[in-house]
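For reference, the structure discussed in these notes is given below.
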Amino acid sequence: PHLQMEEGLGSGFGRANCRAKGGSPGFKVAILGASGGIGQPLAMLMKMNPLVSVLHLYDVVNTPGVTADISHMDTAAVVRGFVGQQQLEDALTGMDLLIIPAGVPRKPGMTRDDLFNINAGIVRTLCEGIAKCCPKAIVNLISNPVNSTVPIAAEVFKKAGTYDPNRLLGVTMLDVVRANTFVAEVLGLDPRYVDVPVVGGHAGITILPLLSQQVKPSCSFTPKEVDYLTDRIQNGGTEVVEAKAGSGSATLSMAYAAVKFADACLRGLRGDAGIVECAYVASQVTELPFFASKVRLGRNGIEEIYPLGPLNEYERAGLEKAKKELAASIQKGISFIKN
Ligand code: NAD
Ligand code: LMR
């Protein structure tokens with residue numbers, strides 16, 4: 001029923017028995033929203049990931065073309081395309097990890113919350129499919145507003161009786177990627193050696209970089225630098241939306257961040273030790289039911305959620321503001337499914 005492109009088999013002349021297989025475990029990954037601005041480069045980068053043995057590309061449009069194109073890359077992952085809701089179940093069945101960038105992006109002047117009305121319904125439909133076809137898969141949710149779409153996904157899974165909070169992660173990796181980049185610029189460092197925790201959520205003032213905890217290498221910032229960096233990190237998405245002037249929001253840096261995060265989840269699933277990344281998850285770190293902070297990833301998804309650690313006065317004030325907005329966004333998501 002779906003478009004299948006197996007390397008060496010597309011022409012019907014492949015010799016299945018002769019195919020050399022790598023020694024590492026292969027995971028099955030699906031991208032939902034695979035034809036979009038994020039989905040396409042994300043699909044390309046996941047095809048290059050040696051931990052992926054099967055890559056399913058699902059969207060409501062254009063996956064035959066994207067699948068044909070990506071399937072010609074000479075990497076091991078087998079790529080299959082699925083188009084339209086009637087193929088959603090086939091796309092989901094058997095998957096270990098789902099990455100979801102399905103939904104509309106912002107235009108200048110919009111907030112992420114302005115996307116709620118369209119994207120909430122898209123996320124609900126996809127999560128109903130996940131609950132039915134692959135309830136044990138790890139879910140990496142990218143669709144905005146993340147602060148509300150993760151609570152929506154949790155409510156859908158609860159309703160279906162499949163909810164495992166350790167397997168649902170809102171992707172805030174782009175905030176960390178931006179924080180590392182901007183801090184490295186200010187300090188004149190290689191960004192590879194910078195590691196800024198970013199906690200809270202994924203919209204404006206809910207994005208809370210903990211600059212006082214940037215420890216690799218340990219350093220300090222002037223108050224002016226802290227103001228500049230906090231503002232730039234919190235508004236990095238808007239910076240891209242305005243520069244793209246109506247044609248969308250961050251796609252390439254997001255695909256990069258999504259792959260970095262998905263790779264961490266896969267290494268956790270494989271059993272690697274010490275995999276720690278920031279993500280927006282069901283949490284008891286604050287009084288809110290969802291919060292982004294550092295989590296340790298393992299064979300079952302989230303294995304441990306770390307507390308925020310010491311905050312300075314500036315960060316404590318930011319945290320209070322962030323929590324107020326986050327609480328409303330979480331409630332909006334929960335109510336969308338409950339009512
Ligand atoms: P896009 O419009 O280029 O692509 C979205 C894709 O989703 C399209 O191909 C569309 O056909 C598909 N889609 C729509 N309805 C669908 C459905 N029901 N099932 C499957 N696919 C469906 O948008 P984009 O730039 O790729 O952004 C996608 C989403 O990611 C937006 O909501 C955006 O705000 C969000 N985003 C989040 C982050 C983050 O850090 N979490 C970063 C950037 C963008
Ligand atoms: C981002 O941070 O780039 C995304 O959330 C997209 C957006 O709307 O800003």
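Labeling convention for the structure tokens: chains A, B, ... as they appear, residues from 1 per chain, ligands from 1 in order of appearance.
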Might you pull out every residue within 8 Å of Arg124 of chain A, with only C-alpha atoms counted and same-chain residues fewer than 3 positions away left off, and present them as a CSV table (one decimal) with N, CA and C atoms, in the first residue's frame?
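Final file, part_2.csv:
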chain,number,residue,atom,x,y,z
A,120,ALA,N,-3.0,22.0,17.1
A,120,ALA,CA,-3.6,21.2,18.2
A,120,ALA,C,-4.3,20.0,17.6
A,121,GLY,N,-5.1,20.2,16.6
A,121,GLY,CA,-5.9,19.2,15.9
A,121,GLY,C,-5.0,18.2,15.2
A,127,CYS,N,-1.3,11.6,17.4
A,127,CYS,CA,-1.1,10.9,18.7
A,127,CYS,C,-2.2,9.8,18.8
A,128,GLU,N,-3.4,10.0,18.3
A,128,GLU,CA,-4.4,8.9,18.3
A,128,GLU,C,-3.8,7.7,17.6
A,152,ILE,N,-1.2,18.2,25.2
A,152,ILE,CA,-2.2,17.6,24.3
A,152,ILE,C,-1.9,16.2,24.1
A,153,ALA,N,-0.6,15.9,23.7
A,153,ALA,CA,-0.2,14.5,23.4
A,153,ALA,C,-0.4,13.7,24.6
A,156,VAL,N,-4.1,12.8,25.1
A,156,VAL,CA,-4.6,11.8,24.1
A,156,VAL,C,-4.1,10.4,24.5
Once you count only C-alpha atoms and all ligand atoms, what closest atom pair and distance in Å to one decimal does each residue of chain A within 8 Å of ligand 1 have, with rows by chain and rising residue number, as a tab-separated table?
residue	atom	partner	partner_atom_place_in_ligand_line	distance
A:Leu32	CA	ligand 1	20 (C)	5.2
A:Gly33	CA	ligand 1	21 (N)	3.7
A:Ala34	CA	ligand 1	9 (O)	6.0
A:Ser35	CA	ligand 1	9 (O)	4.1
A:Gly36	CA	ligand 1	4 (O)	3.2
A:Gly37	CA	ligand 1	3 (O)	3.5
A:Ile38	CA	ligand 1	26 (O)	3.8
A:Gly39	CA	ligand 1	26 (O)	5.6
A:Tyr58	CA	ligand 1	20 (C)	6.3
A:Asp59	CA	ligand 1	21 (N)	4.0
A:Val60	CA	ligand 1	21 (N)	5.1
A:Val61	CA	ligand 1	11 (O)	5.3
A:Asn62	CA	ligand 1	9 (O)	7.6
A:Gly84	CA	ligand 1	19 (N)	7.5
A:Gln85	CA	ligand 1	19 (N)	7.2
A:Ile100	CA	ligand 1	30 (O)	7.9
A:Pro101	CA	ligand 1	28 (C)	4.6
A:Ala102	CA	ligand 1	7 (O)	3.5
A:Gly103	CA	ligand 1	7 (O)	4.4
A:Val104	CA	ligand 1	32 (O)	4.6
A:Pro105	CA	ligand 1	34 (O)	3.9
A:Arg106	CA	ligand 1	34 (O)	5.8
A:Arg112	CA	ligand 1	34 (O)	6.6
A:Leu115	CA	ligand 1	32 (O)	6.9
A:Asn119	CA	ligand 1	32 (O)	6.5
A:Gly121	CA	ligand 1	18 (N)	7.9
A:Ile122	CA	ligand 1	18 (N)	4.6
A:Val123	CA	ligand 1	18 (N)	7.3
A:Thr125	CA	ligand 1	18 (N)	6.8
A:Leu126	CA	ligand 1	19 (N)	6.6
A:Leu141	CA	ligand 1	41 (N)	7.1
A:Ile142	CA	ligand 1	41 (N)	3.9
A:Ser143	CA	ligand 1	32 (O)	4.0
A:Asn144	CA	ligand 1	32 (O)	4.1
A:Pro145	CA	ligand 1	34 (O)	6.7
A:Val146	CA	ligand 1	41 (N)	6.1
A:Gly170	CA	ligand 1	41 (N)	7.1
A:Val171	CA	ligand 1	41 (N)	5.1
A:Thr172	CA	ligand 1	40 (O)	5.3
A:Met173	CA	ligand 1	40 (O)	6.7
A:Leu174	CA	ligand 1	40 (O)	5.1
A:Asp175	CA	ligand 1	40 (O)	6.9
A:His202	CA	ligand 1	40 (O)	6.8
A:Gly237	CA	ligand 1	42 (C)	7.3
A:Gly248	CA	ligand 1	25 (O)	5.7
A:Ser249	CA	ligand 1	25 (O)	5.4
A:Ala250	CA	ligand 1	43 (C)	4.8
A:Thr251	CA	ligand 1	25 (O)	5.2
A:Met254	CA	ligand 1	42 (C)	5.2
Writing out the chosen residues with N, CA and C atoms as a CSV table (one decimal), in the first residue's frame:
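As a result, again_1.csv now contains:
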chain,number,residue,atom,x,y,z
A,32,LEU,N,6.9,12.4,11.0
A,32,LEU,CA,5.5,12.8,10.7
A,32,LEU,C,5.5,14.3,10.4
A,33,GLY,N,5.2,14.6,9.1
A,33,GLY,CA,5.4,15.9,8.6
A,33,GLY,C,6.7,16.0,7.8
A,34,ALA,N,7.0,14.9,7.1
A,34,ALA,CA,8.3,14.7,6.5
A,34,ALA,C,8.5,15.5,5.2
A,35,SER,N,7.5,16.1,4.7
A,35,SER,CA,7.6,16.8,3.4
A,35,SER,C,7.9,18.3,3.7
A,36,GLY,N,7.8,18.8,4.9
A,36,GLY,CA,7.9,20.2,5.2
A,36,GLY,C,9.3,20.8,5.3
A,37,GLY,N,9.3,22.0,5.7
A,37,GLY,CA,10.5,22.8,5.7
A,37,GLY,C,11.5,22.1,6.7
A,38,ILE,N,11.0,21.6,7.8
A,38,ILE,CA,11.9,20.9,8.7
A,38,ILE,C,12.0,19.4,8.3
A,39,GLY,N,10.9,18.9,7.9
A,39,GLY,CA,10.8,17.4,7.6
A,39,GLY,C,11.8,17.0,6.6
A,58,TYR,N,6.2,10.2,6.6
A,58,TYR,CA,4.8,10.3,6.5
A,58,TYR,C,4.5,11.8,6.4
A,59,ASP,N,3.5,12.1,5.5
A,59,ASP,CA,3.0,13.5,5.4
A,59,ASP,C,1.6,13.4,4.7
A,60,VAL,N,0.9,14.5,4.7
A,60,VAL,CA,-0.4,14.5,4.0
A,60,VAL,C,-0.1,14.8,2.5
A,61,VAL,N,1.0,15.3,2.1
A,61,VAL,CA,1.4,15.6,0.7
A,61,VAL,C,2.9,15.2,0.5
A,62,ASN,N,3.2,15.0,-0.8
A,62,ASN,CA,4.5,15.0,-1.3
A,62,ASN,C,5.5,14.0,-0.8
A,84,GLY,N,-0.9,10.6,3.2
A,84,GLY,CA,-2.4,10.7,3.5
A,84,GLY,C,-2.7,9.8,4.7
A,85,GLN,N,-3.8,10.3,5.4
A,85,GLN,CA,-4.2,9.7,6.6
A,85,GLN,C,-4.5,8.2,6.5
A,100,ILE,N,8.1,14.5,15.2
A,100,ILE,CA,6.9,15.1,14.7
A,100,ILE,C,7.1,16.6,14.5
A,101,PRO,N,7.4,17.0,13.2
A,101,PRO,CA,7.4,18.4,12.8
A,101,PRO,C,6.2,18.7,12.0
A,102,ALA,N,5.0,18.0,12.2
A,102,ALA,CA,3.8,18.3,11.3
A,102,ALA,C,3.1,19.5,11.9
A,103,GLY,N,2.7,20.4,11.0
A,103,GLY,CA,1.9,21.6,11.4
A,103,GLY,C,2.4,22.9,10.8
A,104,VAL,N,1.6,23.9,11.0
A,104,VAL,CA,1.9,25.2,10.3
A,104,VAL,C,3.0,26.0,11.1
A,105,PRO,N,3.8,26.7,10.4
A,105,PRO,CA,4.8,27.6,11.1
A,105,PRO,C,4.3,29.0,11.2
A,106,ARG,N,5.0,29.8,12.0
A,106,ARG,CA,4.6,31.2,12.1
A,106,ARG,C,5.0,32.1,10.9
A,112,ARG,N,3.8,31.9,18.8
A,112,ARG,CA,3.6,30.4,18.6
A,112,ARG,C,2.2,30.0,19.0
A,115,LEU,N,-0.6,29.5,16.6
A,115,LEU,CA,-0.7,28.3,15.7
A,115,LEU,C,-1.5,27.2,16.4
A,119,ASN,N,-2.6,23.5,14.8
A,119,ASN,CA,-1.7,22.5,15.1
A,119,ASN,C,-2.2,21.5,16.2
A,121,GLY,N,-5.1,20.2,16.6
A,121,GLY,CA,-5.9,19.2,15.9
A,121,GLY,C,-5.0,18.2,15.2
A,122,ILE,N,-3.9,18.7,14.5
A,122,ILE,CA,-3.0,17.8,13.8
A,122,ILE,C,-2.3,16.9,14.8
A,123,VAL,N,-1.8,17.5,15.9
A,123,VAL,CA,-1.1,16.7,16.9
A,123,VAL,C,-2.0,15.6,17.5
A,125,THR,N,-4.6,14.1,16.1
A,125,THR,CA,-4.8,13.0,15.2
A,125,THR,C,-3.6,12.1,15.1
A,126,LEU,N,-2.4,12.7,15.1
A,126,LEU,CA,-1.2,11.9,15.0
A,126,LEU,C,-1.1,11.0,16.2
A,141,LEU,N,8.4,15.6,20.0
A,141,LEU,CA,7.3,16.5,19.5
A,141,LEU,C,7.9,17.9,19.2
A,142,ILE,N,7.9,18.3,18.0
A,142,ILE,CA,8.5,19.6,17.5
A,142,ILE,C,7.4,20.6,17.2
A,143,SER,N,6.2,20.1,16.8
A,143,SER,CA,5.1,21.0,16.4
A,143,SER,C,4.7,22.1,17.5
A,144,ASN,N,4.6,23.3,17.1
A,144,ASN,CA,4.3,24.4,18.0
A,144,ASN,C,2.8,24.6,18.2
A,145,PRO,N,2.4,25.2,19.3
A,145,PRO,CA,3.2,25.7,20.4
A,145,PRO,C,3.6,24.5,21.3
A,146,VAL,N,4.9,24.1,21.4
A,146,VAL,CA,5.3,23.0,22.1
A,146,VAL,C,4.8,23.0,23.6
A,170,GLY,N,9.0,16.9,24.5
A,170,GLY,CA,9.0,18.1,23.7
A,170,GLY,C,10.4,18.6,23.3
A,171,VAL,N,10.6,18.9,22.0
A,171,VAL,CA,12.0,19.1,21.6
A,171,VAL,C,12.3,20.6,21.8
A,172,THR,N,13.2,20.9,22.7
A,172,THR,CA,13.6,22.3,23.0
A,172,THR,C,15.1,22.4,22.6
A,173,MET,N,15.6,21.5,21.9
A,173,MET,CA,17.1,21.4,21.6
A,173,MET,C,17.5,22.6,20.8
A,174,LEU,N,16.6,23.2,20.0
A,174,LEU,CA,17.0,24.4,19.2
A,174,LEU,C,17.4,25.6,20.2
A,175,ASP,N,16.7,25.7,21.3
A,175,ASP,CA,17.0,26.7,22.3
A,175,ASP,C,18.4,26.5,22.8
A,202,HIS,N,9.2,26.4,25.5
A,202,HIS,CA,9.7,26.8,24.2
A,202,HIS,C,8.9,28.0,23.6
A,237,GLY,N,13.8,32.4,17.6
A,237,GLY,CA,12.8,32.0,16.7
A,237,GLY,C,12.2,33.1,15.9
A,248,GLY,N,8.2,31.4,6.4
A,248,GLY,CA,8.2,30.3,7.4
A,248,GLY,C,9.1,30.6,8.5
A,249,SER,N,9.5,29.6,9.3
A,249,SER,CA,10.3,29.8,10.5
A,249,SER,C,11.5,28.9,10.4
A,250,ALA,N,12.3,28.8,11.4
A,250,ALA,CA,13.5,28.0,11.4
A,250,ALA,C,13.3,26.6,10.9
A,251,THR,N,14.0,26.2,9.9
A,251,THR,CA,13.8,24.8,9.4
A,251,THR,C,15.2,24.0,9.4
A,254,MET,N,16.6,23.9,12.9
A,254,MET,CA,15.7,23.0,13.6
A,254,MET,C,16.0,21.5,13.2
* Asked: Mind pulling up the distance from atom CA of Gly301 of chain A to atom CA of Gly268 of chain A?
  ->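 Atom-to-atom, atom CA of Gly268 of chain A and atom CA of Gly301 of chain A are spaced 7.1 Å apart.
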* Go through A:Phe336, A:Phe116, A:Phe261, A:Tyr163 and flag the residue nearest ligand 2, using only C-alpha atoms and all ligand atoms for the distances. =>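 When distances to ligand 2 are compared using only C-alpha atoms and all ligand atoms, the smallest one comes from A:Phe116.
Of the listed residues A:Pro191, A:Gly318, A:Gly236, A:Pro307, the one whose atoms come nearest to ligand 2 is A:Gly236, with distances taken using only C-alpha atoms and all ligand atoms.
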* **alpha helix (DSSP H) positions in segment 12-185 of chain A, given as a PyMOL selection string** => chain A and resi 39-47+63-70+88-92+116-133+146-160+173-185
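Counting from atom 7 (C, counted along the ligand's line) of ligand 2, the distance to atom CA of Val241 of chain A is 6.6 Å.
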* Hey, what does DSSP flag as strand (DSSP E) within segment 128-214 of chain A? Can you give it to me as a VMD selection string? -> chain A and resid 138 to 141 168 to 170 198 to 200 207 to 209
* **Test item: residues at most 8 Å from Thr93 of chain A, only C-alpha atoms, excluding those fewer than 4 positions along its chain, as a ChimeraX atom specification** => /A:89,133-134
Could you dump the residues just selected with N, CA and C atoms as a CSV table (one decimal), in the first residue's frame?
chain,number,residue,atom,x,y,z
A,89,GLU,N,-1.4,4.5,9.7
A,89,GLU,CA,-1.2,3.3,10.6
A,89,GLU,C,0.0,2.5,10.1
A,133,CYS,N,-1.1,2.3,17.2
A,133,CYS,CA,-0.2,1.5,16.4
A,133,CYS,C,1.2,1.3,17.1
A,134,CYS,N,1.7,2.2,17.8
A,134,CYS,CA,3.1,2.0,18.4
A,134,CYS,C,3.1,2.8,19.8
* Nearest residue to ligand 2 from the set A:Val177, A:Val276, A:Leu97, A:Val281 (distances using only C-alpha atoms and all ligand atoms) ->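 Ranked by minimum distance to ligand 2, first place goes to A:Val177.
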